[in-house]
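Reading through the structure tokens given below for one structure.
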Amino acid sequence: MKKYLKITAILTLIFFTGCASTKTTVNTSKTEKSETISTVVTEETNTEPSENKLGTTEQIQKSSSEPAASANITTNTTADTKTEKPAEEVKKTVTENTNPETQKTTPAPETKKEPVINNEITLLFGGDIMAHSVNYQISTYSKIWKDIKDITSAPNLTFGNLEFPIDTTKPASNYPNFNSTQKYVQAAIDAGFDVFSLCNNHTNDQGLNGILETLKTVDKLKAQATTDGHEIYFSGTKADPKAELTYNIIEKDDWKILFLPITELLNSPVASDYINYIKPDETNRKNFITFCKELREKNECDLFIVSVHTSEPEYTRVITDKQNKYYMDILEAGADVVWANHAHIIKNRKVIVDAEKKTTKLIMYANGNTISGQRTKPELTSKNPVGERDNTGDGLLYKVTYKRTEKGAQPYIYKAEPVFITTYINTANEYVIKPLNQGFVDYCNSVERKTWAEYITRRIKINKDATKDLIEWQ
């Protein structure tokens with residue numbers, strides 16, 4: 001029987017060879033390696049139990065062990081035996097030893113430094129990056145990201161879903177046929193985003209030409225990023241309709257990550273062959289599962305991330321059994337992460353722990369809107385916001401840290417942390433992103449926006465109560 005537990009803030013899971021093979025008990029531990037000094041290597045392993053706040057009476061067995069660190073240090077001491085020498089011999093010896101021509105120096109042996117392998121990586125997953133008119137008409141795009149840039153730029157890789165074409169031959173346009181600008185996307189890159197999905201129900205809003213122009217714009221953005229000293233990645237569309245699904249192989253800080261985005265939904269059938277489009281029927285889903293399995297087998301990697309723009313109703317937190325099974329099948333086919341979006345509101349997250357295989361896998365059912373203009377009239381004076389539109393103004397940045405014991409070893413989720421954000425309408429009627437926390441409430445009070453302070457206080461509680469971090473043991 002599968003056991004479900006929920007944690008309300010930070011999830012910490014750690015696996016080593018001591019991990020229990022039962023289906024309800026997991027031993028957790030934390031490993032840290034001490035520095036290597038000179039030629040003496042001291043390795044210390046500390047294990048600490050992880051802390052979980054549980055919502056049920058299920059118990060998690062916690063263990064802690066500390067193998068003694070060892071260091072063998074040998075000091076060789078040679079005693080000098082002094083004997084008196086005749087004065088002439090002493091003089092000759094001193095002369096020879098002080099003559100530069102007769103001195104010989106032995107060069108110190110070269111020591112090879114072993115390369116330091118990074119066995120930890122942190123990934124940040126955003127949600128839908130929208131481009132409504134109130135977003136792209138702001139005077140300076142960097143304003144949108146200013147107050148969360150320290151969050152989005154800190155991880156090794158940050159992921160986002162661009163829900164619009166970038167056809168620079170046309171002006172920016174609003175719903176229902178979106179189009180945005182190169183500078184709008186550049187602002188997200190400057191804020192720290194590295195990896196983008198291009199496929200969703202708005203990918204072909206500007207037809208085939210919009211898709212092809214988007215690919216050209218993406219090439220320009222990648223070239224600029226390379227000039228600036230870092231790499232960025234886009235996939236989800238293709239220039240050749242007969243080509244297979246596009247994906248990225250990302251090598252970052254000694255980690256290799258395979259990223260595959262798809263969409264199950266299009267607003268129009270136009271140019272669907274140019275998009276990573278999977279019809280959401282049983283046959284096509286099975287074929288996609290097979291594709292995932294083969295893709296993982298052909299591409300050795302540390303982590304395989306599948307982005308799914310889902311065919312499901314918007315503005316609801318409901319997770320159907322059918323959708324959940326589909327995601328579980330994708331994980332079974334070799335994926336480590338399913339990153340789903342489209343609902344425009346935040347849904348649950350779930351970590352799947354297989355104690356026997358010593359694996360931890362992750363499903364994010366929806367991370368809401370990272371930025372949008374869908375919440376134009378927040379219910380500031382209501383005790384409880386009316387309707388789902390208010391929920392579209394909030395988003396989730398899900399911060400996941402992976403560790404491994406060595407390069408090539410099975411990675412595991414060390415920590416998973418939800419960071420809630422919200423779109424704030426400032427006094428200049430600009431839509432900017434703010435952290436959804438008490439600090440922002442205090443800011444609203446300090447600038448005499450009391451109704452906003454009360455509203456944000458309610459939004460904090462709603463998101464914490466309505467969405468959960470779940471653990472499922474197998």
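As shown in the structure tokens, the chain order sets the letters A, B, ...; within each chain, residues go from 1, and ligands are also counted from 1 in the order they appear.
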Check: If you count only C-alpha atoms, which residues fall within 12 Å of Val441 of chain A, apart from same-chain ones fewer than 2 positions away, as number ranges by chain?
Finding: A: 422, 424, 434-439, 443-460
Checklist line | Near-segment 406-421 of chain A list (9 Å; only C-alpha atoms; drop same-chain fewer than 4 positions) as a ChimeraX atom specification | finding: /A:9-15,30,117-120,148,151,254-255,301-303,351,358-362,370,393-402,433-437,460,463,469
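Using only C-alpha atoms, the protein and nucleic acid residues lying no more than 9 Å from Lys170 of chain A, apart from those fewer than 6 places from it along its own chain, are Asn179, Ser180, Thr181 and Gly210 of chain A.
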Store the residues picked out above in a file with all heavy atoms, as a short mmCIF file (atom, residue, chain, number, x, y, z; two decimals), in the first residue's frame.
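The new file part_18.cif reads:
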```
data_model
loop_
_atom_site.label_atom_id
_atom_site.label_comp_id
_atom_site.auth_asym_id
_atom_site.auth_seq_id
_atom_site.Cartn_x
_atom_site.Cartn_y
_atom_site.Cartn_z
N ASN A 179 1.96 37.66 -28.91
CA ASN A 179 3.28 37.80 -29.53
C ASN A 179 4.07 38.72 -28.62
O ASN A 179 3.52 39.66 -28.03
CB ASN A 179 3.19 38.41 -30.94
CG ASN A 179 4.54 38.35 -31.65
OD1 ASN A 179 5.24 37.35 -31.58
ND2 ASN A 179 4.91 39.43 -32.32
N SER A 180 5.36 38.44 -28.48
CA SER A 180 6.16 39.28 -27.60
C SER A 180 7.46 39.67 -28.29
O SER A 180 7.69 39.36 -29.46
CB SER A 180 6.45 38.57 -26.28
OG SER A 180 6.95 39.49 -25.33
N THR A 181 8.31 40.36 -27.55
CA THR A 181 9.52 40.95 -28.11
C THR A 181 10.77 40.23 -27.59
O THR A 181 10.76 39.57 -26.55
CB THR A 181 9.63 42.43 -27.74
OG1 THR A 181 9.81 42.54 -26.32
CG2 THR A 181 8.37 43.19 -28.14
N GLY A 210 5.26 32.63 -37.42
CA GLY A 210 5.58 33.01 -36.04
C GLY A 210 6.50 31.99 -35.37
O GLY A 210 7.40 32.37 -34.61
#
```
Checklist line | Per-residue DSSP, segment 249-303 of chain A, filtered to strand (DSSP E or B), as an MDAnalysis selection string | finding: chainID A and resid 249:252 255:263 275 277 303
Item checked: Spatial neighbours of Thr392 of chain A, max dist 12 Å, only C-alpha atoms, sep filter under 5 positions, as a VMD selection string -> chain A and resid 127 to 130 314 to 317 342 to 347 366 to 378 385 387 421 to 424 459 463
Checklist line | Surrounding residues of Phe291 of chain A excluding itself and chain neighbours under 6 positions, 10 Å, only C-alpha atoms, as a list in words | finding: Glu244, Leu245, Arg285, Glu297, Ile330 and Ala333 of chain A
Restricting the output to C-alpha atoms, write the selected residues as a PDB file, in the first residue's frame.
```
ATOM      1  CA  GLU A 244      11.657  14.219 -34.052  1.00  0.00           C
ATOM      2  CA  LEU A 245      10.759  16.037 -30.864  1.00  0.00           C
ATOM      3  CA  ARG A 285       0.546   8.927 -24.829  1.00  0.00           C
ATOM      4  CA  GLU A 297      18.615   4.945 -23.000  1.00  0.00           C
ATOM      5  CA  ILE A 330       6.602   9.081 -17.632  1.00  0.00           C
ATOM      6  CA  ALA A 333       9.948   5.349 -18.435  1.00  0.00           C
TER       7      ALA A 333
END
```
Next item on the list: For atom CA of Thr246 of chain A and atom CA of Val195 of chain A, determine how far apart the two atoms are, in Å to one decimal place.
Entry: 13.4 Å
Margin query: Considering only C-alpha atoms, can you say which of A:Asn267, A:Thr283, A:Tyr247, A:Phe159 comes closest to Asn299 of chain A?
Written below: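 Among the listed residues, the smallest separation from Asn299 of chain A belongs to A:Tyr247.
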Next item on the list: Considering only C-alpha atoms, return as number ranges by chain whatever protein or nucleic-acid residues lie within 10 Å of Ile352 of chain A, sequence-local ones (same chain, fewer than 5 positions apart) excluded.
Entry: A: 4, 328, 331, 336, 359-363, 470-474
Atoms kept (N, CA and C atoms) for selection, written as a PDB file, in the first residue's frame:
```
ATOM      1  N   TYR A   4       1.035   8.202   1.938  1.00  0.00           N
ATOM      2  CA  TYR A   4       1.164   9.601   1.580  1.00  0.00           C
ATOM      3  C   TYR A   4       1.430  10.427   2.836  1.00  0.00           C
ATOM      4  N   MET A 328       3.108   9.421 -13.703  1.00  0.00           N
ATOM      5  CA  MET A 328       3.823   8.301 -13.086  1.00  0.00           C
ATOM      6  C   MET A 328       4.414   7.382 -14.162  1.00  0.00           C
ATOM      7  N   LEU A 331       7.599   8.929 -15.427  1.00  0.00           N
ATOM      8  CA  LEU A 331       8.691   8.680 -14.489  1.00  0.00           C
ATOM      9  C   LEU A 331       9.192   7.244 -14.608  1.00  0.00           C
ATOM     10  N   ASP A 336      13.109  11.741 -14.349  1.00  0.00           N
ATOM     11  CA  ASP A 336      13.285  12.002 -12.924  1.00  0.00           C
ATOM     12  C   ASP A 336      12.344  13.094 -12.429  1.00  0.00           C
ATOM     13  N   THR A 359      15.703   5.671  -5.224  1.00  0.00           N
ATOM     14  CA  THR A 359      15.475   6.802  -6.124  1.00  0.00           C
ATOM     15  C   THR A 359      14.449   7.755  -5.520  1.00  0.00           C
ATOM     16  N   THR A 360      14.576   9.027  -5.874  1.00  0.00           N
ATOM     17  CA  THR A 360      13.574  10.027  -5.522  1.00  0.00           C
ATOM     18  C   THR A 360      13.196  10.762  -6.797  1.00  0.00           C
ATOM     19  N   LYS A 361      11.917  10.773  -7.102  1.00  0.00           N
ATOM     20  CA  LYS A 361      11.435  11.434  -8.316  1.00  0.00           C
ATOM     21  C   LYS A 361      10.384  12.479  -7.951  1.00  0.00           C
ATOM     22  N   LEU A 362      10.136  13.389  -8.881  1.00  0.00           N
ATOM     23  CA  LEU A 362       9.340  14.565  -8.550  1.00  0.00           C
ATOM     24  C   LEU A 362       8.298  14.857  -9.615  1.00  0.00           C
ATOM     25  N   ILE A 363       7.087  15.206  -9.158  1.00  0.00           N
ATOM     26  CA  ILE A 363       6.033  15.741 -10.033  1.00  0.00           C
ATOM     27  C   ILE A 363       5.621  17.108  -9.503  1.00  0.00           C
ATOM     28  N   LEU A 470       3.856  16.736  -1.088  1.00  0.00           N
ATOM     29  CA  LEU A 470       3.511  15.375  -0.684  1.00  0.00           C
ATOM     30  C   LEU A 470       4.688  14.437  -0.896  1.00  0.00           C
ATOM     31  N   ILE A 471       4.731  13.388  -0.083  1.00  0.00           N
ATOM     32  CA  ILE A 471       5.700  12.308  -0.282  1.00  0.00           C
ATOM     33  C   ILE A 471       4.928  11.010  -0.463  1.00  0.00           C
ATOM     34  N   GLU A 472       5.294  10.258  -1.485  1.00  0.00           N
ATOM     35  CA  GLU A 472       4.687   8.944  -1.711  1.00  0.00           C
ATOM     36  C   GLU A 472       5.773   7.883  -1.683  1.00  0.00           C
ATOM     37  N   TRP A 473       5.644   6.926  -0.760  1.00  0.00           N
ATOM     38  CA  TRP A 473       6.594   5.813  -0.690  1.00  0.00           C
ATOM     39  C   TRP A 473       6.108   4.640  -1.521  1.00  0.00           C
ATOM     40  N   GLN A 474       7.015   4.026  -2.216  1.00  0.00           N
ATOM     41  CA  GLN A 474       6.667   2.854  -3.012  1.00  0.00           C
ATOM     42  C   GLN A 474       7.407   1.632  -2.520  1.00  0.00           C
TER      43      GLN A 474
END
```
Margin query: When you count only C-alpha atoms, which of these residues is closest to Val318 of chain A: A:Ala466, A:Cys292, A:Ala243, A:Leu260?
Written below: A:Ala466
